[in-house]
>>> print(open('upload_19.cif').read())   # mmCIF, C-alpha atoms
data_start
loop_
_atom_site.label_atom_id
_atom_site.label_comp_id
_atom_site.auth_asym_id
_atom_site.auth_seq_id
_atom_site.Cartn_x
_atom_site.Cartn_y
_atom_site.Cartn_z
CA MET A 15 5.86 1.53 0.36
CA GLY A 16 3.17 3.23 2.42
CA LEU A 17 1.55 6.64 2.26
CA PHE A 18 4.59 8.37 3.72
CA GLY A 19 7.23 6.44 1.73
CA SER A 20 10.43 5.39 3.44
CA ASP A 21 11.11 8.70 5.19
CA THR A 22 10.58 9.18 8.91
CA TYR A 23 7.92 11.72 9.87
CA TYR A 24 7.07 13.22 13.23
CA CYS A 25 3.68 14.34 14.49
CA THR A 26 3.31 18.12 14.51
CA VAL A 27 1.29 17.98 17.75
CA CYS A 28 3.19 15.58 20.03
CA GLY A 29 6.52 15.26 18.20
CA THR A 30 6.72 11.46 18.23
CA GLU A 31 7.30 9.30 15.16
CA ALA A 32 4.29 8.70 12.90
CA ASP A 33 3.51 6.27 10.08
CA ASP A 34 0.67 5.61 7.65
CA SER A 35 -1.12 3.24 10.03
CA ASN A 36 -1.67 5.83 12.78
CA ALA A 37 -1.45 9.28 11.17
CA GLU A 38 -2.63 11.50 8.31
CA GLN A 39 -0.62 13.90 6.15
CA CYS A 40 -2.02 17.30 5.17
CA THR A 41 -2.44 17.64 1.40
CA GLN A 42 -1.70 21.38 1.57
CA CYS A 43 1.35 21.80 3.82
CA GLY A 44 2.53 18.19 4.27
CA SER A 45 2.47 18.16 8.07
CA VAL A 46 1.79 14.80 9.72
CA THR A 47 -0.57 14.33 12.70
CA HIS A 48 -1.52 11.20 14.63
CA HIS A 49 -5.19 10.18 14.64
CA LYS A 50 -5.17 10.37 18.45
CA CYS A 51 -3.69 13.89 18.36
CA PHE A 52 -6.44 15.04 15.97
CA LYS A 53 -9.01 13.74 18.46
CA ASP A 54 -7.23 15.15 21.54
CA THR A 55 -6.95 18.65 20.02
CA SER A 56 -10.57 18.64 18.73
CA ASN A 57 -9.38 18.92 15.11
CA ALA A 58 -11.49 15.92 14.06
CA LYS A 59 -15.25 15.90 13.56
CA VAL A 60 -17.50 13.03 12.44
CA GLU A 61 -20.21 13.98 9.96
CA ASP A 62 -23.21 11.63 10.08
CA ASN A 63 -24.49 10.30 6.77
CA LEU A 64 -27.87 8.62 6.50
CA ILE A 65 -26.99 5.96 3.90
CA THR A 66 -23.20 5.82 3.53
CA SER A 67 -20.58 5.45 6.24
CA ASP A 68 -19.67 8.50 8.29
CA ASP A 69 -17.06 10.94 6.96
CA VAL A 70 -14.38 12.27 9.27
CA VAL A 71 -13.45 15.91 8.74
CA LEU A 72 -9.93 16.84 9.82
CA ARG A 73 -8.46 20.33 10.27
CA CYS A 74 -4.69 20.61 9.94
CA PRO A 75 -3.20 22.05 13.16
CA ASP A 76 -0.44 23.77 11.13
CA CYS A 77 -2.16 25.47 8.20
CA GLY A 78 -5.87 25.09 9.07
CA HIS A 79 -6.72 23.23 5.84
CA VAL A 80 -9.93 21.18 6.16
CA GLY A 81 -10.30 17.82 4.44
CA GLU A 82 -12.25 14.56 4.72
CA VAL A 83 -10.99 11.04 5.33
#
>>> encode(input="upload_19.cif", output="structure tokens")
Amino acid sequence: MGLFGSDTYYCTVCGTEADDSNAEQCTQCGSVTHHKCFKDTSNAKVEDNLITSDDVVLRCPDCGHVGEV
């Protein structure tokens, strides 16, 4: 069982089906958004780190919650 379980989820931006391999779920409101839709709507930002790998900061298009992946 993946991140989203066995239920079917739909992207809040484009409305097509999403799964744990191509989308993220908001920890606050539960909405699901494709990685590509985050990028297309400018809701994703890469923060450069000097030593560790880069963090990606995502802003939920539904509730505005900001989190890192």
>>> resolve_selection(input="upload_19.cif", expression="the PyMOL selection byres ((chain A and resi 48-54) around 7)", output="VMD selection string")
chain A and resid 25 27 32 36 to 38 46 to 47 55 to 58
>>> residues_around(input="upload_19.cif", residues="A:Gln42", least_positions_apart="3", cutoff="10 Å", atoms="all atoms listed in the file", output="ChimeraX atom specification")
/A:39,45,74,76-81
>>> atom_distance(input="upload_19.cif", atom1="atom CA of A:Lys59", atom2="atom CA of A:Asp34")
19.9 Å
>>> atom_distance(input="upload_19.cif", atom1="atom CA of A:Thr41", atom2="atom CA of A:Thr26")
14.3 Å
>>> atom_distance(input="upload_19.cif", atom1="atom CA of A:Glu82", atom2="atom CA of A:Thr30")
23.5 Å
